[in-house]
>>> print(open('final_15.csv').read())   # CSV, C-alpha atoms and all ligand atoms
chain,number,residue,atom,x,y,z
W,15,MET,CA,4.0,56.1,-20.9
W,16,SER,CA,1.5,53.7,-19.4
W,17,GLU,CA,-1.6,54.8,-17.6
W,18,VAL,CA,-1.2,56.3,-14.1
W,19,VAL,CA,-3.4,54.3,-11.7
W,20,LEU,CA,-2.4,56.0,-8.4
W,21,ASP,CA,-2.0,59.8,-8.2
W,22,VAL,CA,-1.2,61.3,-4.8
W,23,ARG,CA,-0.8,65.1,-4.6
W,24,GLY,CA,0.3,67.3,-1.8
W,25,LEU,CA,-0.7,64.8,0.9
W,26,ALA,CA,-0.2,65.8,4.5
W,27,ARG,CA,-1.1,64.2,7.8
W,28,ARG,CA,-0.5,65.7,11.3
W,29,TYR,CA,-1.4,64.7,14.8
W,30,GLY,CA,-2.0,67.8,16.9
W,31,GLU,CA,0.8,70.3,16.1
W,32,ALA,CA,3.2,67.6,14.8
W,33,ALA,CA,3.4,66.9,11.1
W,34,VAL,CA,3.8,63.1,10.3
W,35,PHE,CA,4.5,64.1,6.7
W,36,GLN,CA,3.6,66.8,4.2
W,37,GLY,CA,3.9,67.6,0.5
W,38,VAL,CA,3.8,63.9,-0.5
W,39,ASP,CA,3.5,63.4,-4.3
W,40,LEU,CA,3.4,59.9,-5.8
W,41,GLN,CA,2.3,58.6,-9.2
W,42,VAL,CA,2.3,54.8,-9.9
W,43,SER,CA,1.4,53.3,-13.3
W,44,ARG,CA,-0.3,50.1,-14.3
W,45,GLY,CA,2.0,47.1,-13.7
W,46,GLU,CA,4.5,49.2,-11.8
W,47,PHE,CA,6.0,48.1,-8.4
W,48,VAL,CA,7.1,51.1,-6.3
W,49,ALA,CA,8.8,50.6,-2.9
W,50,ILE,CA,8.7,53.3,-0.3
W,51,LEU,CA,11.5,53.2,2.3
W,52,GLY,CA,11.4,55.0,5.6
W,53,GLU,CA,12.6,54.7,9.2
W,54,SER,CA,10.2,53.3,11.8
W,55,GLY,CA,7.6,56.0,12.8
W,56,VAL,CA,8.1,58.2,9.7
W,57,GLY,CA,4.5,57.5,8.7
W,58,LYS,CA,4.6,54.6,6.2
W,59,SER,CA,1.5,52.9,7.5
W,60,THR,CA,-0.3,56.2,7.9
W,61,LEU,CA,0.5,57.0,4.2
W,62,LEU,CA,-0.9,53.6,3.1
W,63,ASN,CA,-4.0,54.1,5.3
W,64,CYS,CA,-4.6,57.6,3.7
W,65,ILE,CA,-4.2,56.0,0.2
W,66,ALA,CA,-6.7,53.3,1.1
W,67,GLY,CA,-9.2,55.8,2.5
W,68,LEU,CA,-8.9,54.3,6.0
W,69,ASP,CA,-7.4,57.5,7.4
W,70,ARG,CA,-8.2,61.1,6.4
W,71,PRO,CA,-5.2,63.3,5.3
W,72,ASP,CA,-5.2,66.9,6.5
W,73,ALA,CA,-4.3,68.2,3.0
W,74,GLY,CA,-3.9,66.9,-0.5
W,75,GLU,CA,-5.7,64.3,-2.4
W,76,VAL,CA,-5.5,60.7,-3.6
W,77,ARG,CA,-7.0,59.6,-6.9
W,78,VAL,CA,-7.1,56.1,-8.2
W,79,LEU,CA,-8.0,55.8,-11.8
W,80,GLY,CA,-9.6,59.3,-11.5
W,81,PHE,CA,-11.7,58.4,-8.4
W,82,ASP,CA,-11.0,60.9,-5.6
W,83,ILE,CA,-10.9,58.6,-2.5
W,84,THR,CA,-10.0,61.5,-0.2
W,85,HIS,CA,-13.2,63.3,-0.7
W,86,ALA,CA,-15.5,60.3,-1.0
W,87,ASP,CA,-17.9,59.4,1.9
W,88,GLU,CA,-17.3,56.2,3.9
W,89,ALA,CA,-19.8,54.1,2.0
W,90,GLN,CA,-18.3,55.1,-1.3
W,91,GLN,CA,-14.8,54.4,0.1
W,92,ALA,CA,-15.8,50.9,1.3
W,93,HIS,CA,-17.4,50.1,-2.0
W,94,TRP,CA,-14.3,51.3,-3.9
W,95,ARG,CA,-12.0,49.3,-1.6
W,96,ARG,CA,-13.9,46.0,-2.1
W,97,ARG,CA,-13.8,46.4,-5.9
W,98,HIS,CA,-10.4,48.1,-6.6
W,99,LEU,CA,-8.0,47.5,-3.7
W,100,GLY,CA,-5.8,44.6,-2.6
W,101,PHE,CA,-3.9,44.8,0.7
W,102,VAL,CA,-1.1,42.6,2.0
W,103,PHE,CA,-0.1,43.1,5.6
W,104,GLN,CA,2.9,42.0,7.7
W,105,ALA,CA,1.2,39.0,9.2
W,106,PHE,CA,-1.8,37.4,10.8
W,107,HIS,CA,-4.4,38.7,8.4
W,108,VAL,CA,-5.0,35.3,6.9
W,109,LEU,CA,-8.1,33.8,8.7
W,110,PRO,CA,-6.9,30.8,10.6
W,111,HIS,CA,-10.2,28.8,10.6
W,112,LEU,CA,-10.7,29.0,6.8
W,113,THR,CA,-8.7,26.8,4.4
W,114,VAL,CA,-6.1,28.4,2.1
W,115,ALA,CA,-8.6,28.3,-0.9
W,116,GLN,CA,-11.4,29.9,1.2
W,117,ASN,CA,-9.0,32.6,2.3
W,118,VAL,CA,-8.1,33.4,-1.3
W,119,ALA,CA,-11.8,33.2,-2.4
W,120,LEU,CA,-12.8,35.8,0.3
W,121,PRO,CA,-12.7,39.0,-1.9
W,122,LEU,CA,-14.8,37.2,-4.6
W,123,MET,CA,-17.3,36.1,-2.0
W,124,LEU,CA,-17.6,39.7,-0.7
W,125,LEU,CA,-18.3,40.8,-4.3
W,126,GLY,CA,-20.9,38.0,-4.8
W,127,GLU,CA,-18.7,36.6,-7.6
W,128,PRO,CA,-17.4,33.2,-6.5
W,129,ASP,CA,-15.1,31.4,-9.0
W,130,ASP,CA,-13.3,28.2,-7.9
W,131,GLY,CA,-11.4,28.0,-11.1
W,132,ARG,CA,-9.9,31.4,-10.6
W,133,VAL,CA,-8.9,30.5,-7.0
W,134,GLU,CA,-7.1,27.4,-8.2
W,135,GLN,CA,-5.3,29.4,-10.9
W,136,ALA,CA,-4.3,32.0,-8.4
W,137,LEU,CA,-2.9,29.4,-6.0
W,138,ARG,CA,-0.9,27.9,-9.0
W,139,SER,CA,0.5,31.2,-10.0
W,140,VAL,CA,2.0,31.8,-6.5
W,141,GLY,CA,3.4,28.3,-6.3
W,142,LEU,CA,0.8,26.8,-4.0
W,143,ALA,CA,-1.0,24.4,-6.3
W,144,GLY,CA,-2.6,21.5,-4.4
W,145,LEU,CA,-2.5,23.3,-1.1
W,146,GLY,CA,-5.9,24.8,-1.2
W,147,SER,CA,-7.5,22.5,1.3
W,148,ARG,CA,-4.9,23.1,4.0
W,149,LEU,CA,-5.3,25.4,7.0
W,150,PRO,CA,-2.9,28.3,7.2
W,151,GLN,CA,-1.2,26.8,10.3
W,152,GLN,CA,-0.1,23.9,8.0
W,153,LEU,CA,1.9,26.3,5.8
W,154,SER,CA,5.3,28.0,6.3
W,155,GLY,CA,5.5,31.8,6.9
W,156,GLY,CA,6.5,32.4,3.3
W,157,GLN,CA,3.7,30.3,2.0
W,158,VAL,CA,1.1,32.1,4.2
W,159,GLN,CA,2.3,35.4,2.7
W,160,ARG,CA,1.9,34.0,-0.8
W,161,VAL,CA,-1.7,33.1,0.2
W,162,ALA,CA,-2.1,36.8,1.2
W,163,ILE,CA,-0.8,37.9,-2.2
W,164,ALA,CA,-3.1,35.6,-4.1
W,165,ARG,CA,-6.0,36.8,-2.0
W,166,ALA,CA,-5.1,40.5,-2.5
W,167,LEU,CA,-5.1,40.1,-6.3
W,168,ILE,CA,-7.9,37.5,-6.8
W,169,HIS,CA,-10.5,40.2,-7.7
W,170,ARG,CA,-8.0,41.9,-10.0
W,171,PRO,CA,-7.8,45.2,-8.2
W,172,ALA,CA,-6.2,48.3,-9.8
W,173,LEU,CA,-4.1,49.0,-6.7
W,174,LEU,CA,-2.2,46.7,-4.5
W,175,LEU,CA,-0.8,48.1,-1.1
W,176,ALA,CA,1.7,46.0,0.9
W,177,ASP,CA,2.8,47.0,4.4
W,178,GLU,CA,6.1,45.2,5.4
W,179,PRO,CA,4.9,41.9,3.9
W,180,THR,CA,8.2,40.2,4.6
W,181,GLY,CA,8.8,41.6,8.1
W,182,ASN,CA,8.6,38.2,9.8
W,183,LEU,CA,10.3,36.1,7.2
W,184,ASP,CA,13.9,34.7,6.7
W,185,PRO,CA,15.8,36.2,3.8
W,186,GLY,CA,15.1,33.2,1.4
W,187,SER,CA,11.4,33.2,2.0
W,188,ALA,CA,11.3,37.0,1.9
W,189,ARG,CA,12.9,37.0,-1.6
W,190,GLN,CA,10.3,34.4,-2.9
W,191,VAL,CA,7.4,36.5,-1.5
W,192,LEU,CA,8.8,39.7,-3.1
W,193,GLN,CA,9.3,38.0,-6.4
W,194,ALA,CA,5.8,36.7,-6.3
W,195,LEU,CA,4.5,40.2,-5.5
W,196,ARG,CA,6.5,41.6,-8.5
W,197,GLU,CA,5.4,38.9,-10.9
W,198,GLN,CA,1.8,39.1,-9.9
W,199,THR,CA,1.8,42.9,-10.1
W,200,ARG,CA,3.0,42.8,-13.7
W,201,GLU,CA,0.7,39.9,-14.7
W,202,HIS,CA,-2.4,41.6,-13.3
W,203,GLY,CA,-1.4,45.1,-14.5
W,204,ALA,CA,-2.0,46.4,-10.9
W,205,ALA,CA,-0.1,49.3,-9.5
W,206,CYS,CA,1.8,48.2,-6.4
W,207,VAL,CA,3.0,50.3,-3.5
W,208,LEU,CA,5.2,48.4,-0.9
W,209,VAL,CA,6.3,50.2,2.3
W,210,THR,CA,9.3,48.8,4.2
W,211,HIS,CA,12.3,49.8,6.2
W,212,SER,CA,14.3,47.1,4.5
W,213,ARG,CA,16.6,48.2,1.6
W,214,ALA,CA,16.9,44.6,0.5
W,215,ALA,CA,13.2,44.3,0.2
W,216,ALA,CA,13.2,47.5,-1.9
W,217,GLY,CA,15.7,45.9,-4.2
W,218,VAL,CA,13.1,44.1,-6.3
W,219,ALA,CA,11.0,47.2,-7.0
W,220,ASP,CA,10.9,49.1,-10.3
W,221,ARG,CA,11.3,52.3,-8.4
W,222,VAL,CA,12.4,53.2,-4.9
W,223,MET,CA,11.3,56.3,-3.0
W,224,GLU,CA,12.0,57.5,0.5
W,225,LEU,CA,9.3,59.0,2.8
W,226,THR,CA,10.5,61.9,5.0
W,227,VAL,CA,8.6,64.4,7.0
W,228,SER,CA,8.9,67.0,4.2
W,229,GLY,CA,7.9,64.7,1.3
W,230,MET,CA,9.0,61.9,-1.0
W,231,ASN,CA,12.5,61.6,-2.4
W,232,ASP,CA,13.8,59.4,-5.2
W,233,VAL,CA,16.4,56.9,-4.0
W,234,ALA,CA,19.2,55.3,-6.1
W,235,ARG,CA,18.3,51.7,-6.9
W,236,ALA,CA,19.4,49.2,-4.2
W,237,PRO,CA,21.6,46.5,-5.8
W,238,HIS,CA,19.9,43.2,-6.5
L,1,LIG,N1,-3.6,58.0,16.5
L,1,LIG,C1,-2.4,58.6,16.6
L,1,LIG,N2,-2.2,59.7,17.5
L,1,LIG,C2,-1.0,60.3,17.5
L,1,LIG,N3,0.1,59.9,16.8
L,1,LIG,C3,0.0,58.9,16.0
L,1,LIG,C4,-1.3,58.2,15.9
L,1,LIG,N4,-1.1,57.2,15.0
L,1,LIG,C5,0.2,57.3,14.6
L,1,LIG,N5,0.8,58.3,15.2
L,1,LIG,C6,2.2,58.7,15.0
L,1,LIG,O1,2.4,58.9,13.6
L,1,LIG,C7,3.8,58.6,13.3
L,1,LIG,C8,3.7,57.6,12.1
L,1,LIG,O2,3.3,56.3,12.4
L,1,LIG,P1,3.2,55.1,11.4
L,1,LIG,O3,2.7,53.9,12.1
L,1,LIG,O4,2.5,55.5,10.2
L,1,LIG,O5,4.8,55.0,11.0
L,1,LIG,P2,5.6,53.8,10.3
L,1,LIG,O6,6.6,54.5,9.4
L,1,LIG,O7,4.6,52.9,9.5
L,1,LIG,O8,6.2,53.0,11.4
L,1,LIG,P3,6.7,51.5,11.5
L,1,LIG,O9,7.7,51.2,10.4
L,1,LIG,O10,7.3,51.4,12.9
L,1,LIG,O11,5.4,50.7,11.4
L,1,LIG,C9,4.4,58.0,14.5
L,1,LIG,O12,5.3,58.9,15.0
L,1,LIG,C10,3.3,57.7,15.4
L,1,LIG,O13,3.6,57.8,16.7
>>> encode(input="final_15.csv", output="structure tokens")
Amino acid sequence: MSEVVLDVRGLARRYGEAAVFQGVDLQVSRGEFVAILGESGVGKSTLLNCIAGLDRPDAGEVRVLGFDITHADEAQQAHWRRRHLGFVFQAFHVLPHLTVAQNVALPLMLLGEPDDGRVEQALRSVGLAGLGSRLPQQLSGGQVQRVAIARALIHRPALLLADEPTGNLDPGSARQVLQALREQTREHGAACVLVTHSRAAAGVADRVMELTVSGMNDVARAPH
């Protein structure tokens, strides 16, 4: 059994009297790609934000490689995120005035560890060799999301979180982006959690779960 990177236990979040979710347990191992399905409004983004330490759960805890993010203070959380977390969003989180290479280099710059060779290699590995000097607006939607994947993994984080990364893409581009996400997760030995309402998107994952108000359920694998 490979090492557990993400360990979520008994997580609950409520707004006022209404529970968004409760009793959420989730373990994800190194190199494993887990998809979490759920209807709109069930709390998928809230769950990712709680895992990232951007939102405080009302009960339960989140540990990443033993570090208890739930009970850390904000400065510790911010430091932890910069070093150990990659995040891929649905859209528009690639900075439009920076080139593709500068976007990918950003996490390394924030850590004070610039490395042009690594940026070039990262672009190659997501199929964007030679496009580093372009601006994002000169790329297709699928290419922009592959920039976002390269950027999310450039600093070799232990944990990769993806929130509907294919929501705005046609099915062909979506498939390429998901395949890049899966390949890169394995190659980097990251633990990846993807949230989506798309069963097709969940089809590339190693394991599929469903988020409900009362916890997380296993789902039979969607056909490829
Ligand atoms: N600040 C807030 N105050 C009150 N309720 C909130 C707040 N933020 C989120 N909610 C509620 O929490 C629930 C979960 O929202 P969340 O965005 O996590 O769902 P989701 O599954 O990611 O939805 P979608 O797939 O549409 O993005 C929703 O019912 C939402 O209305």
>>> closest_residue(input="final_15.csv", among="W:Leu153, W:Val140, W:Val42, W:Ala214", to="Pro185 (chain W)", atoms="all atoms listed in the file")
W:Ala214
>>> closest_atom_pairs(input="final_15.csv", of="chain W", to="ligand LIG 1 (chain L)", cutoff="9 Å", atoms="all atoms listed in the file", output="tab-separated table")
residue	atom	partner	partner_atom	distance
W:Arg27	CA	L:LIG1	O1	8.6
W:Arg28	CA	L:LIG1	O1	7.7
W:Tyr29	CA	L:LIG1	C2	5.2
W:Gly30	CA	L:LIG1	C2	7.6
W:Ala32	CA	L:LIG1	N3	8.5
W:Ala33	CA	L:LIG1	O1	8.4
W:Val34	CA	L:LIG1	C7	5.4
W:Phe35	CA	L:LIG1	C8	8.5
W:Leu51	CA	L:LIG1	O6	8.7
W:Gly52	CA	L:LIG1	O6	6.1
W:Glu53	CA	L:LIG1	O6	6.0
W:Ser54	CA	L:LIG1	O9	3.6
W:Gly55	CA	L:LIG1	O5	3.5
W:Val56	CA	L:LIG1	O6	4.0
W:Gly57	CA	L:LIG1	O4	3.2
W:Lys58	CA	L:LIG1	O7	3.7
W:Ser59	CA	L:LIG1	O7	3.7
W:Thr60	CA	L:LIG1	O4	3.7
W:Leu61	CA	L:LIG1	O4	6.5
W:Leu62	CA	L:LIG1	O4	8.1
W:Asn63	CA	L:LIG1	O4	8.3
W:Asp177	CA	L:LIG1	O7	8.0
W:Glu178	CA	L:LIG1	O9	8.0
W:Val209	CA	L:LIG1	O7	7.9
W:Thr210	CA	L:LIG1	O9	6.8
W:His211	CA	L:LIG1	O9	6.4
W:Leu225	CA	L:LIG1	O6	8.4
>>> atom_distance(input="final_15.csv", atom1="CA of Val108 (chain W)", atom2="CA of Ile168 (chain W)")
14.2 Å
>>> closest_residue(input="final_15.csv", among="W:Met230, W:Ile83, W:Met223, W:Leu124", to="Ala26 (chain W)", atoms="all atoms listed in the file")
W:Met230
>>> atom_distance(input="final_15.csv", atom1="CA of Val18 (chain W)", atom2="CA of Asp39 (chain W)")
13.0 Å
>>> closest_residue(input="final_15.csv", among="W:Ala115, W:Val207, W:Val78, W:Leu192", to="Gly144 (chain W)", atoms="all atoms listed in the file")
W:Ala115
>>> closest_residue(input="final_15.csv", among="W:Asp232, W:Val227, W:Leu175, W:Phe81", to="Val38 (chain W)", atoms="only C-alpha atoms")
W:Val227
>>> residues_around(input="final_15.csv", residues="Ser147 (chain W)", least_positions_apart="2", cutoff="10 Å", atoms="all atoms listed in the file", output="JSON, numbers by chain")
{"W": [112, 113, 114, 115, 116, 144, 145, 149, 150]}
>>> closest_residue(input="final_15.csv", among="W:Glu46, W:Asp69, W:Glu134, W:Asp184", to="Ala219 (chain W)", atoms="all atoms listed in the file")
W:Glu46
>>> atom_distance(input="final_15.csv", atom1="CA of Glu201 (chain W)", atom2="CA of Arg160 (chain W)")
15.1 Å
>>> residues_near_point(input="final_15.csv", point="(-15.0, 30.9, -2.9)", cutoff="7 Å", atoms="all atoms listed in the file", output="ChimeraX atom specification")
/W:116,119-120,122-123,128-130
>>> closest_residue(input="final_15.csv", among="W:Gln135, W:Gln104, W:Gln41, W:Thr84", to="Val191 (chain W)", atoms="all atoms listed in the file")
W:Gln104
>>> residues_around(input="final_15.csv", residues="Leu167 (chain W)", least_positions_apart="5", cutoff="10 Å", atoms="all atoms listed in the file", output="MDAnalysis selection string")
chainID W and resid 98:102 118 121 136 162 172:174 195 198:199 202 204
